[in-house]
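Undergrad: Provided herewith: target-v9.txt, compact mmCIF, C-alpha atoms and all ligand atoms.
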```txt
# COMPACT_ATOMS: atom_id res chain seq x y z
CA MET A 1 171.68 91.42 87.46
CA GLU A 2 171.67 92.93 90.91
CA GLN A 3 170.79 96.34 89.39
CA LYS A 4 167.91 94.72 87.49
CA LEU A 5 166.58 93.16 90.69
CA ILE A 6 166.73 96.50 92.55
CA MET A 7 164.89 98.15 89.64
CA MET A 8 162.15 95.51 89.74
CA VAL A 9 161.69 95.93 93.50
CA VAL A 10 161.48 99.74 93.10
CA LEU A 11 158.88 99.34 90.33
CA LEU A 12 156.88 96.91 92.45
CA VAL A 13 156.90 99.27 95.46
CA LEU A 14 155.85 102.18 93.21
CA ALA A 15 153.03 100.12 91.69
CA LEU A 16 151.78 99.11 95.14
CA ALA A 17 151.99 102.68 96.40
CA THR A 18 150.00 103.93 93.39
CA ALA A 19 147.36 101.24 93.86
CA THR A 20 147.00 102.11 97.55
CA ALA A 21 146.81 105.83 96.83
CA THR A 22 144.17 105.24 94.15
CA ALA A 23 142.04 103.17 96.51
CA PHE A 24 142.37 105.76 99.27
CA THR A 25 141.46 108.74 97.15
CA ALA A 26 138.85 106.98 95.04
CA GLU A 27 135.66 109.01 94.82
CA TYR A 28 132.46 107.31 95.90
CA VAL A 29 130.64 106.25 92.74
CA ARG A 30 127.01 107.18 93.21
CA PRO A 31 124.61 104.53 92.00
CA PRO A 32 121.73 105.44 89.69
CA PRO A 33 118.08 105.55 90.78
CA ARG A 34 116.64 102.14 91.50
CA LYS A 35 113.38 100.64 90.34
CA THR A 36 110.05 101.42 91.92
CA LEU A 37 109.11 98.58 94.23
CA HIS A 38 106.62 96.04 92.96
CA PHE A 39 103.80 95.26 95.36
CA PRO A 40 102.09 91.97 94.45
CA TRP A 41 98.32 91.89 94.85
CA ASN A 42 97.78 90.43 98.28
CA PRO A 43 94.12 90.57 99.27
CA LYS A 44 93.45 90.49 103.01
CA PRO A 45 90.19 89.91 104.90
CA SER A 46 88.29 93.19 104.74
CA SER A 47 88.53 93.80 108.48
CA HIS A 48 92.30 93.23 108.52
CA PRO A 49 94.16 96.34 109.80
CA GLN A 50 96.49 97.76 107.16
CA GLN A 51 98.92 100.69 106.92
CA VAL A 52 99.28 100.99 110.69
CA HIS A 53 101.24 103.99 111.90
CA VAL A 54 101.50 105.93 115.16
CA SER A 55 102.14 109.61 115.96
CA PHE A 56 102.09 111.89 119.00
CA ALA A 57 98.72 113.26 120.07
CA GLY A 58 99.50 115.56 122.99
CA ASP A 59 101.35 114.86 126.22
CA LYS A 60 101.67 111.12 126.91
CA HIS A 61 99.18 110.26 124.16
CA ILE A 62 99.68 108.47 120.85
CA ARG A 63 97.38 108.42 117.85
CA VAL A 64 97.10 105.02 116.14
CA THR A 65 96.04 105.20 112.48
CA TRP A 66 95.10 102.28 110.27
CA VAL A 67 92.92 101.38 107.30
CA THR A 68 90.36 98.62 106.82
CA ASN A 69 88.33 97.73 103.77
CA ASP A 70 85.44 96.80 106.03
CA GLU A 71 83.15 99.77 106.65
CA SER A 72 81.81 98.24 109.85
CA SER A 73 85.20 97.61 111.43
CA PRO A 74 85.36 99.43 114.82
CA SER A 75 87.89 102.25 115.51
CA ILE A 76 89.01 100.51 118.67
CA VAL A 77 92.57 100.00 119.90
CA GLU A 78 93.24 97.51 122.67
CA TYR A 79 96.60 97.87 124.40
CA GLY A 80 98.73 96.86 127.35
CA ILE A 81 102.29 96.31 128.51
CA SER A 82 102.44 92.54 128.03
CA PRO A 83 101.71 90.50 124.91
CA LYS A 84 98.09 89.54 124.26
CA ASN A 85 97.06 91.12 127.53
CA TYR A 86 95.15 94.27 126.81
CA SER A 87 94.30 96.12 129.99
CA PHE A 88 93.21 99.26 128.14
CA LYS A 89 90.87 100.05 125.31
CA ALA A 90 90.25 103.29 123.40
CA GLN A 91 87.56 104.26 120.94
CA GLY A 92 88.51 106.63 118.12
CA GLU A 93 87.04 108.15 114.98
CA SER A 94 87.21 107.36 111.29
CA THR A 95 87.16 109.07 107.94
CA SER A 96 87.36 108.20 104.26
CA TYR A 97 87.62 110.07 100.99
CA SER A 98 87.09 109.53 97.31
CA TYR A 99 89.24 110.77 94.49
CA PHE A 100 87.42 110.34 91.17
CA LEU A 101 87.18 106.57 90.63
CA TYR A 102 89.15 105.73 93.77
CA SER A 103 87.49 105.24 97.15
CA SER A 104 89.71 104.92 100.19
CA GLY A 105 89.17 102.29 102.85
CA LYS A 106 87.94 103.27 106.29
CA ILE A 107 90.76 105.33 107.85
CA HIS A 108 90.74 104.98 111.64
CA HIS A 109 92.35 107.46 114.06
CA THR A 110 92.34 106.40 117.70
CA VAL A 111 94.18 108.18 120.50
CA ILE A 112 95.52 106.00 123.30
CA GLY A 113 96.88 107.05 126.69
CA PRO A 114 97.98 108.39 129.04
CA LEU A 115 100.99 106.15 128.41
CA GLU A 116 104.07 105.52 130.50
CA ASP A 117 107.33 106.99 129.16
CA ASP A 118 109.99 104.77 127.61
CA THR A 119 107.74 101.71 127.74
CA LEU A 120 106.97 98.96 125.26
CA TYR A 121 103.25 98.62 124.53
CA PHE A 122 101.47 95.78 122.74
CA TYR A 123 98.35 96.68 120.80
CA ARG A 124 95.91 95.59 118.16
CA CYS A 125 93.53 97.53 115.97
CA GLY A 126 89.82 97.04 115.28
CA GLU A 127 89.69 94.03 117.63
CA GLU A 128 91.66 92.05 115.05
CA ASP A 129 95.09 90.44 115.04
CA PRO A 130 97.95 90.84 114.36
CA GLU A 131 99.43 92.37 117.47
CA PHE A 132 101.76 95.36 117.06
CA GLN A 133 104.34 96.81 119.40
CA LEU A 134 105.27 100.42 120.00
CA LYS A 135 107.83 101.98 122.30
CA THR A 136 107.03 105.33 123.83
CA PRO A 137 109.86 107.88 123.96
CA PRO A 138 111.77 108.74 127.13
CA SER A 139 110.68 111.79 129.14
CA GLN A 140 114.27 113.01 129.48
CA PHE A 141 117.51 113.08 127.51
CA PRO A 142 119.02 111.22 125.82
CA ILE A 143 116.58 110.93 122.95
CA THR A 144 117.28 109.94 119.34
CA PHE A 145 115.48 111.08 116.21
CA ALA A 146 115.79 109.35 112.83
CA ILE A 147 115.33 111.73 109.90
CA ALA A 148 114.80 111.13 106.20
CA GLY A 149 112.69 113.05 103.72
CA ASP A 150 111.51 112.46 100.16
CA LEU A 151 111.11 108.74 100.73
CA GLY A 152 108.98 107.43 97.88
CA GLN A 153 108.82 103.68 97.37
CA THR A 154 111.80 102.43 95.42
CA GLU A 155 114.50 99.88 96.16
CA TRP A 156 116.56 102.77 97.58
CA THR A 157 113.66 103.65 99.90
CA LYS A 158 113.79 100.07 101.15
CA SER A 159 117.52 100.40 101.77
CA THR A 160 117.00 103.65 103.73
CA LEU A 161 114.20 102.12 105.81
CA ASP A 162 116.33 99.04 106.56
CA HIS A 163 119.10 101.30 107.88
CA ILE A 164 116.70 103.34 110.00
CA GLU A 165 115.37 100.11 111.47
CA GLN A 166 118.89 99.16 112.56
CA CYS A 167 119.40 102.38 114.52
CA LYS A 168 118.00 102.71 118.01
CA TYR A 169 115.73 105.69 117.54
CA ASP A 170 112.74 107.00 119.46
CA VAL A 171 110.93 109.19 116.91
CA HIS A 172 111.01 109.49 113.12
CA LEU A 173 110.89 112.99 111.59
CA LEU A 174 109.92 113.32 107.92
CA PRO A 175 110.29 116.75 106.27
CA GLY A 176 107.84 116.09 103.43
CA ASP A 177 107.31 114.02 100.28
CA LEU A 178 106.11 110.70 101.59
CA SER A 179 104.60 108.34 99.05
CA TYR A 180 105.19 109.98 95.65
CA ALA A 181 101.67 108.80 94.88
CA ASP A 182 101.20 111.85 92.66
CA TYR A 183 97.43 111.46 92.19
CA MET A 184 97.63 107.62 91.93
CA GLN A 185 95.71 106.97 95.13
CA HIS A 186 96.49 103.27 95.46
CA LYS A 187 100.14 104.30 95.90
CA TRP A 188 99.21 105.93 99.19
CA ASP A 189 98.04 102.46 100.24
CA THR A 190 101.23 100.68 99.14
CA PHE A 191 103.33 103.36 100.88
CA GLY A 192 101.33 102.84 104.08
CA ASP A 193 102.05 99.13 103.95
CA LEU A 194 105.73 99.69 103.09
CA VAL A 195 106.41 101.85 106.15
CA GLN A 196 104.13 99.95 108.54
CA PRO A 197 106.89 97.85 110.18
CA LEU A 198 108.66 101.05 111.31
CA ALA A 199 105.76 103.49 111.56
CA SER A 200 103.67 101.15 113.75
CA SER A 201 106.48 100.82 116.29
CA ARG A 202 107.77 104.42 116.74
CA PRO A 203 105.97 107.76 116.34
CA TRP A 204 106.31 109.09 112.80
CA MET A 205 105.95 112.86 112.68
CA VAL A 206 105.56 114.22 109.16
CA THR A 207 105.00 117.44 107.31
CA GLN A 208 103.89 117.89 103.74
CA GLY A 209 105.90 118.31 100.53
CA ASN A 210 104.95 119.12 96.96
CA HIS A 211 104.20 115.45 96.27
CA GLU A 212 101.45 115.55 98.88
CA LYS A 213 99.72 118.37 96.99
CA GLU A 214 97.37 116.65 94.57
CA ASN A 215 95.52 119.74 93.57
CA ILE A 216 92.91 119.88 90.80
CA PRO A 217 91.50 123.41 90.71
CA ILE A 218 87.83 123.66 91.73
CA LEU A 219 87.48 119.86 91.88
CA LYS A 220 89.94 118.67 94.52
CA ASP A 221 91.57 120.20 97.57
CA GLY A 222 95.30 119.59 97.33
CA PHE A 223 95.86 117.70 100.55
CA ILE A 224 92.78 115.50 100.90
CA SER A 225 94.74 112.22 100.80
CA TYR A 226 97.56 113.43 103.06
CA ASN A 227 95.26 115.03 105.62
CA SER A 228 92.94 112.02 105.74
CA ARG A 229 95.74 109.50 106.19
CA TRP A 230 98.46 111.33 108.14
CA LYS A 231 96.61 113.18 110.87
CA MET A 232 99.12 115.03 113.05
CA PRO A 233 98.57 116.75 116.45
CA TYR A 234 97.57 120.15 115.07
CA GLU A 235 94.51 120.54 117.29
CA GLU A 236 96.59 119.52 120.30
CA SER A 237 99.08 122.30 119.48
CA GLY A 238 96.56 125.08 118.88
CA SER A 239 96.86 125.07 115.10
CA SER A 240 93.86 125.24 112.78
CA SER A 241 95.52 123.14 110.05
CA ASN A 242 97.06 119.68 109.76
CA LEU A 243 99.72 121.33 107.56
CA TYR A 244 101.52 122.95 110.53
CA TYR A 245 101.76 122.00 114.19
CA SER A 246 104.20 121.44 117.03
CA PHE A 247 104.93 118.82 119.66
CA GLU A 248 107.19 118.34 122.63
CA VAL A 249 109.11 115.23 123.52
CA ALA A 250 111.75 114.87 126.23
CA GLY A 251 113.43 118.33 126.21
CA VAL A 252 112.76 119.14 122.56
CA HIS A 253 110.14 121.50 121.13
CA THR A 254 109.62 120.64 117.47
CA LEU A 255 107.68 122.71 114.95
CA MET A 256 106.49 121.23 111.67
CA LEU A 257 105.76 123.96 109.13
CA GLY A 258 104.06 123.96 105.74
CA SER A 259 105.96 125.12 102.67
CA TYR A 260 102.81 124.80 100.58
CA THR A 261 100.34 126.81 102.60
CA ASP A 262 100.27 130.56 103.27
CA TYR A 263 103.17 131.85 105.33
CA ASP A 264 103.06 135.62 104.87
CA LYS A 265 102.71 138.05 107.75
CA TYR A 266 98.90 138.00 107.61
CA SER A 267 98.51 134.24 107.30
CA ASP A 268 97.17 131.87 109.95
CA GLN A 269 100.38 129.87 109.81
CA TYR A 270 102.54 132.94 110.53
CA ASN A 271 100.41 133.97 113.47
CA TRP A 272 100.27 130.46 114.87
CA LEU A 273 104.08 130.17 114.51
CA LYS A 274 104.61 133.43 116.37
CA ALA A 275 102.27 132.37 119.17
CA ASP A 276 103.82 128.89 119.40
CA LEU A 277 107.39 130.23 119.53
CA SER A 278 106.52 132.80 122.18
CA LYS A 279 105.22 129.99 124.42
CA VAL A 280 108.41 127.92 124.24
CA ASP A 281 110.01 127.49 127.65
CA ARG A 282 113.72 126.83 127.12
CA GLU A 283 114.06 125.60 130.68
CA ARG A 284 111.62 122.79 129.93
CA THR A 285 112.65 122.28 126.27
CA PRO A 286 116.24 123.50 125.81
CA TRP A 287 116.28 122.34 122.15
CA LEU A 288 114.21 124.06 119.49
CA VAL A 289 113.93 122.21 116.17
CA VAL A 290 111.96 123.12 113.02
CA LEU A 291 111.07 121.06 109.93
CA PHE A 292 109.59 122.02 106.58
CA HIS A 293 109.97 120.84 103.02
CA VAL A 294 111.66 123.47 100.85
CA PRO A 295 115.15 124.39 102.15
CA TRP A 296 116.14 128.00 102.81
CA TYR A 297 119.87 127.28 102.69
CA ASN A 298 120.53 125.23 99.57
CA SER A 299 123.62 125.36 97.36
CA ASN A 300 122.38 122.61 95.04
CA ASN A 301 121.22 123.68 91.59
CA ALA A 302 117.97 121.81 92.18
CA HIS A 303 115.10 123.94 93.52
CA GLN A 304 117.41 126.92 93.81
CA GLY A 305 115.69 129.90 95.42
CA GLU A 306 112.34 128.15 95.92
CA GLY A 307 112.43 128.69 99.68
CA ASP A 308 113.33 132.40 99.49
CA GLU A 309 109.83 133.83 100.02
CA MET A 310 109.07 131.67 103.02
CA MET A 311 112.52 132.45 104.40
CA ALA A 312 111.97 136.20 104.04
CA ALA A 313 108.66 135.93 105.89
CA MET A 314 109.53 133.51 108.67
CA GLU A 315 113.27 133.44 109.30
CA PRO A 316 113.17 136.55 111.57
CA LEU A 317 110.73 134.71 113.86
CA LEU A 318 112.94 131.62 114.04
CA TYR A 319 115.99 133.79 114.66
CA ALA A 320 114.28 135.75 117.41
CA ALA A 321 113.26 132.53 119.14
CA GLY A 322 116.76 131.05 118.87
CA VAL A 323 115.96 127.94 116.82
CA ASP A 324 118.77 125.39 116.97
CA ILE A 325 118.27 123.17 113.93
CA VAL A 326 116.13 123.34 110.78
CA PHE A 327 115.59 120.19 108.70
CA ALA A 328 114.30 120.40 105.14
CA GLY A 329 113.86 117.99 102.23
CA HIS A 330 112.89 118.58 98.58
CA VAL A 331 116.46 118.56 97.24
CA HIS A 332 117.47 114.93 96.75
CA ALA A 333 120.85 115.23 98.40
CA TYR A 334 122.43 116.04 101.75
CA GLU A 335 123.75 119.40 102.91
CA ARG A 336 124.67 120.84 106.33
CA SER A 337 125.25 124.52 107.07
CA LYS A 338 126.98 126.46 109.80
CA ARG A 339 124.60 128.35 112.07
CA ALA A 340 123.19 130.93 109.65
CA TYR A 341 120.80 133.85 109.32
CA ASN A 342 119.85 136.16 106.48
CA GLY A 343 121.94 134.21 103.97
CA LYS A 344 125.17 134.39 105.96
CA SER A 345 126.76 132.42 108.75
CA ASP A 346 125.67 133.80 112.12
CA PRO A 347 126.38 132.25 115.54
CA CYS A 348 122.81 132.98 116.69
CA GLY A 349 121.11 131.49 113.61
CA ALA A 350 120.04 127.87 113.08
CA VAL A 351 122.00 124.96 111.63
CA HIS A 352 120.20 124.09 108.38
CA ILE A 353 120.24 120.49 107.20
CA THR A 354 118.80 119.38 103.88
CA ILE A 355 117.98 115.70 103.99
CA GLY A 356 115.70 114.98 101.02
CA ASP A 357 117.66 111.86 100.22
CA GLY A 358 115.33 109.06 101.32
CA GLY A 359 115.50 107.30 97.95
CA ASN A 360 112.59 108.31 95.73
CA ARG A 361 112.14 107.51 92.05
CA GLU A 362 113.35 110.88 90.78
CA GLY A 363 116.98 110.10 91.66
CA LEU A 364 119.68 112.37 93.04
CA ALA A 365 120.34 116.08 92.55
CA HIS A 366 124.02 115.98 91.55
CA LYS A 367 124.88 119.53 90.55
CA TYR A 368 126.04 122.09 93.08
CA ARG A 369 126.64 125.80 92.75
CA GLU A 370 130.24 126.97 92.70
CA PRO A 371 131.92 128.42 94.59
CA GLU A 372 130.46 126.75 97.65
CA PRO A 373 128.78 129.39 99.85
CA GLU A 374 130.63 130.23 103.05
CA TRP A 375 127.73 128.94 105.18
CA SER A 376 127.80 125.46 103.62
CA ILE A 377 129.96 122.93 105.44
CA PHE A 378 129.13 119.56 103.93
CA ARG A 379 127.22 118.64 100.78
CA GLU A 380 126.87 115.37 98.95
CA ALA A 381 124.38 113.92 96.49
CA SER A 382 123.74 110.44 97.89
CA PHE A 383 120.77 108.62 99.36
CA GLY A 384 120.77 108.12 103.12
CA HIS A 385 119.27 109.10 106.45
CA GLY A 386 120.22 111.15 109.52
CA GLU A 387 120.32 110.45 113.24
CA LEU A 388 120.10 113.17 115.88
CA MET A 389 121.07 111.90 119.30
CA ILE A 390 120.36 114.65 121.85
CA MET A 391 122.48 113.79 124.85
CA ASN A 392 121.57 116.62 127.25
CA SER A 393 120.36 120.22 127.28
CA THR A 394 123.47 121.48 125.50
CA HIS A 395 124.97 118.72 123.34
CA ALA A 396 123.69 116.59 120.46
CA LEU A 397 125.47 114.22 118.11
CA TRP A 398 124.33 114.55 114.52
CA SER A 399 125.32 111.94 111.95
CA TRP A 400 124.39 111.39 108.33
CA HIS A 401 124.50 107.84 106.97
CA ARG A 402 124.91 107.33 103.24
CA ASN A 403 123.32 104.24 101.63
CA ASP A 404 126.58 102.94 100.24
CA ASP A 405 125.75 99.93 98.05
CA ASP A 406 123.14 98.90 100.61
CA GLU A 407 125.51 99.34 103.53
CA GLN A 408 125.02 102.37 105.74
CA VAL A 409 128.21 104.39 105.95
CA ARG A 410 128.52 107.27 108.38
CA SER A 411 129.70 110.06 106.14
CA ASP A 412 129.16 113.19 108.23
CA GLN A 413 129.23 113.50 111.98
CA VAL A 414 129.36 116.55 114.22
CA TRP A 415 128.58 117.62 117.78
CA LEU A 416 125.97 120.38 117.84
CA THR A 417 125.41 122.67 120.80
CA SER A 418 122.09 124.30 121.66
CA LEU A 419 121.71 128.06 122.06
CA ILE A 420 120.64 127.59 125.67
CA GLY A 421 122.97 129.54 127.90
CA SER A 422 124.50 131.43 124.95
CA GLN A 423 124.57 135.20 124.50
CA CYS A 424 122.00 134.71 121.75
CA LEU A 425 119.23 134.03 124.25
CA SER A 426 120.49 136.43 126.88
CA GLU A 427 119.43 139.92 127.89
CA LYS A 428 121.39 141.36 124.96
CA SER A 429 119.07 139.93 122.35
CA ARG A 430 115.78 140.86 124.05
CA GLU A 431 115.36 143.67 121.53
CA GLN A 432 115.40 141.21 118.65
CA ARG A 433 112.94 138.96 120.41
CA LYS A 434 110.30 141.70 120.58
CA ILE A 435 109.04 140.53 117.19
CA LEU A 436 107.51 137.48 118.88
CA SER A 437 105.28 139.58 121.12
CA GLU A 438 104.31 142.27 118.62
CA PRO A 439 100.62 142.23 117.67
FE FE B 1 109.73 117.89 97.09
```
Rewrite the structure from the file as structure tokens, please.
TA:
Amino acid sequence: MEQKLIMMVVLLVLALATATATAFTAEYVRPPPRKTLHFPWNPKPSSHPQQVHVSFAGDKHIRVTWVTNDESSPSIVEYGISPKNYSFKAQGESTSYSYFLYSSGKIHHTVIGPLEDDTLYFYRCGEEDPEFQLKTPPSQFPITFAIAGDLGQTEWTKSTLDHIEQCKYDVHLLPGDLSYADYMQHKWDTFGDLVQPLASSRPWMVTQGNHEKENIPILKDGFISYNSRWKMPYEESGSSSNLYYSFEVAGVHTLMLGSYTDYDKYSDQYNWLKADLSKVDRERTPWLVVLFHVPWYNSNNAHQGEGDEMMAAMEPLLYAAGVDIVFAGHVHAYERSKRAYNGKSDPCGAVHITIGDGGNREGLAHKYREPEPEWSIFREASFGHGELMIMNSTHALWSWHRNDDDEQVRSDQVWLTSLIGSQCLSEKSREQRKILSEP
């Protein structure tokens, strides 16, 4: 009897141990793509400001963009630092475009400023309510960026946006593929409304992906919708195209490049990039960050090798300038590399992060190449977003947050150090940096 009892206790302990071990080692079960969001028809007065978003427009200036159906609505932004008390007023410009049977509303772009740093502003557009609020970024570290690419407009997109809203960030960076409108122009409008709560309150800095290119040979320029709606500070940064530009905030110089415009040695983009990098002052901006859509370091089967040509043309420039971090999208998954250059890990190269996992309708890219390349540190096919908290001139905390059944779960976290003060930027590497000053 006693033996039987001991046996039962042993079996019970074993069963419990197995159950615990199973729970501990259980793999995360990735959920399937979710439905595209349904946007009920909700007509507004024609002068009502819609799709409001803000972006940087040069030092201490912000561009406010919105759409009205009313052609006569003024491109005026009233703003101030207390609610309903607008001490300042700015007049902007407007544009519109047509795409076969579709005609856009009036798209207003109005630059406001100079603005105080790290300050909450209240504003309204076109002399109409409602009132919006935006917080300007700090002028010094710490500063936090939220990052998610390939957003689309599905229930997973909503989950990602909800998580970004919960984090205390200063600027949103989007490495391409915004609306997934794919020629259906009204989807640009629904996307604008979907992101308005976030994009009207913090600067959203975007670059283009393949889903922005709605090209119909001879008839339509590929980026007419994107360029009309998401005007970025290209003129302010000496670029001749909205498809590539740079901006500075706190101590960070950020370049937004175009994967879908010319990048070869004789292209405007290449020459602008070289000129922009050669002007970077690492004393003023110790961190150098680059974004574009198609990743150069990608061990996922999806879009394998698509970034190779751009990498061959431009990586030497980024390496010579000592870029710290490169963010890309396109692959619907997350991957982080060691510092790398020329296809191998290299202490003077950039950390490459693929973050095309915003939640679009195409679902996740599950299959990875084996064996895992030596430069790849972390890779996972899940939806989510990233947060880059730059603490000072040398240290930043990077974290990736997976959308785990609608909860955000921090799944990857690492301290990154800038190249400032390293041998990579010292006298020794001057030779390599000559490429930036060559004609
Ligand atoms: Fe893409």
Undergrad: Write out, as CSV, each residue of chain A that has an atom at most 8 Å from ligand FE 1 (chain B), together with the closest pair of atoms and their distance in Å to one decimal, counting only C-alpha atoms and all ligand atoms, rows going by chain and rising number.
TA:
```
residue,atom,partner,partner_atom,distance
A:Asp150,CA,B:FE1,FE,6.5
A:Gly176,CA,B:FE1,FE,6.9
A:Asp177,CA,B:FE1,FE,5.6
A:Gly209,CA,B:FE1,FE,5.2
A:Asn210,CA,B:FE1,FE,4.9
A:His211,CA,B:FE1,FE,6.1
A:His293,CA,B:FE1,FE,6.6
A:Val294,CA,B:FE1,FE,7.0
A:Gly329,CA,B:FE1,FE,6.6
A:His330,CA,B:FE1,FE,3.6
A:Val331,CA,B:FE1,FE,6.8
A:Gly356,CA,B:FE1,FE,7.7
```
Undergrad: For the selection just defined, write its residues with C-alpha atoms to a file, as a compact mmCIF listing (two decimals), in the frame of the given file.
TA:
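See result32.txt below for the written result:
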```
# COMPACT_ATOMS: atom_id res chain seq x y z
CA ASP A 150 111.51 112.46 100.16
CA GLY A 176 107.84 116.09 103.43
CA ASP A 177 107.31 114.02 100.28
CA GLY A 209 105.90 118.31 100.53
CA ASN A 210 104.95 119.12 96.96
CA HIS A 211 104.20 115.45 96.27
CA HIS A 293 109.97 120.84 103.02
CA VAL A 294 111.66 123.47 100.85
CA GLY A 329 113.86 117.99 102.23
CA HIS A 330 112.89 118.58 98.58
CA VAL A 331 116.46 118.56 97.24
CA GLY A 356 115.70 114.98 101.02
```
Undergrad: Let me make sure I understand: among A:Arg369, A:Arg284, A:His352, A:His385, which one has the smallest atom-to-atom distance to Ala340 of chain A if we use only C-alpha atoms?
TA: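 With only C-alpha atoms as the atom set, the closest residue is A:His352.
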Undergrad: With distances taken over only C-alpha atoms, which of A:Ile62, A:Ala181, A:Leu101, A:Ser159 is nearest to Thr136 of chain A?
TA: A:Ile62
Undergrad: Which one of A:Thr190, A:Asn300, A:Ser239, A:Gln408 sits closest to Tyr270 of chain A if you count all atoms listed in the file?
TA: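 Ranked by minimum distance to Tyr270 of chain A, first place goes to A:Ser239.
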Undergrad: Quick one, how far is atom CA of Gln208 of chain A from atom CA of Gly258 of chain A?
TA: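 Atom-to-atom, atom CA of Gln208 of chain A to atom CA of Gly258 of chain A, that is 6.4 Å.
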Undergrad: Mind checking which residues fall within 8 Å of Trp415 of chain A, counting all atoms listed in the file, ignoring those fewer than 4 positions away in the same chain, and posting them as a list in words?
TA: His395, Ala396, Leu397 and Trp398 of chain A
Undergrad: Pick out the residues sitting within 9 Å of segment 130-133 of chain A, and hand them over as a PDB file with C-alpha atoms, keeping the file's coordinate frame; count only C-alpha atoms, and ignore anything fewer than 5 positions along from it in its own chain.
TA:
```
ATOM      1  CA  HIS A  48      92.300  93.230 108.520  1.00  0.00           C
ATOM      2  CA  PRO A  49      94.160  96.340 109.800  1.00  0.00           C
ATOM      3  CA  VAL A  52      99.280 100.990 110.690  1.00  0.00           C
ATOM      4  CA  PRO A  83     101.710  90.500 124.910  1.00  0.00           C
ATOM      5  CA  LYS A  84      98.090  89.540 124.260  1.00  0.00           C
ATOM      6  CA  LEU A 120     106.970  98.960 125.260  1.00  0.00           C
ATOM      7  CA  TYR A 121     103.250  98.620 124.530  1.00  0.00           C
ATOM      8  CA  PHE A 122     101.470  95.780 122.740  1.00  0.00           C
ATOM      9  CA  TYR A 123      98.350  96.680 120.800  1.00  0.00           C
ATOM     10  CA  ARG A 124      95.910  95.590 118.160  1.00  0.00           C
ATOM     11  CA  CYS A 125      93.530  97.530 115.970  1.00  0.00           C
ATOM     12  CA  PRO A 197     106.890  97.850 110.180  1.00  0.00           C
ATOM     13  CA  SER A 200     103.670 101.150 113.750  1.00  0.00           C
ATOM     14  CA  SER A 201     106.480 100.820 116.290  1.00  0.00           C
ATOM     15  CA  ARG A 202     107.770 104.420 116.740  1.00  0.00           C
TER      16      ARG A 202
END
```
Undergrad: Work out how far apart atom CA of Pro203 of chain A and atom CA of Thr95 of chain A are and give it in Å to one decimal.
TA: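 Spanning atom CA of Pro203 of chain A to atom CA of Thr95 of chain A is a straight-line distance of 20.6 Å.
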Undergrad: From the options A:Phe292, A:His38, A:Gly251, A:Gly238, which residue's atoms come nearest to Asp268 of chain A, counting all atoms listed in the file?
TA: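 Answer, going by the shortest atom-to-atom distance: A:Gly238.
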Undergrad: Is it possible to get the residues within 12 Å of (119.5, 101.1, 111.6) (coordinates as in the file, counting only C-alpha atoms) written as JSON, numbers by chain?
TA: {"A": [144, 145, 146, 147, 158, 159, 160, 161, 162, 163, 164, 165, 166, 167, 168, 169, 170, 198, 384, 385, 386, 387, 400, 401, 402, 403, 406, 407, 408, 409, 410]}
Undergrad: Out of A:Pro32, A:Pro175, A:Pro286, A:Gly80, which residue has the shortest atom-to-atom distance to Met391 of chain A when counting only C-alpha atoms?
TA: A:Pro286
Undergrad: In Å, how far is it from atom CA of Pro45 of chain A to atom CA of Tyr79 of chain A?
TA: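 Atom CA of Tyr79 of chain A lies at a distance of 22.0 Å from atom CA of Pro45 of chain A.
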Undergrad: A:Pro233, A:His172, A:Thr254, A:Phe383: which is nearest Glu362 of chain A, counting all atoms listed in the file?
TA: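 Closest candidate: A:Phe383.
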Undergrad: Using all atoms listed in the file, determine which residues lie at most 12 Å from Asp262 of chain A, disregarding the query and same-chain residues fewer than 4 positions distant; provide the list as an MDAnalysis selection string.
TA: chainID A and resid 241 243:244 257:258 266:273 309:310 313:314
Undergrad: Please provide the set of residues having any atom within 7 Å of Leu317 of chain A, restricted to all atoms listed in the file, with same-chain residues fewer than 3 positions apart removed, written as a list in words.
TA: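 Answer for this query is Lys274, Met314, Ala320, Ala321, Ile435 and Leu436 of chain A.
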Undergrad: Do a neighbour search on Pro347 of chain A at 10 Å with only C-alpha atoms, toss out local chain neighbours closer than 4 positions, and write the hits as a compact mmCIF listing (two decimals) with C-alpha atoms, in the coordinates of the input.
TA:
```
# COMPACT_ATOMS: atom_id res chain seq x y z
CA LYS A 338 126.98 126.46 109.80
CA ARG A 339 124.60 128.35 112.07
CA ALA A 340 123.19 130.93 109.65
CA TYR A 341 120.80 133.85 109.32
CA VAL A 351 122.00 124.96 111.63
CA LEU A 419 121.71 128.06 122.06
CA SER A 422 124.50 131.43 124.95
CA GLN A 423 124.57 135.20 124.50
CA CYS A 424 122.00 134.71 121.75
```
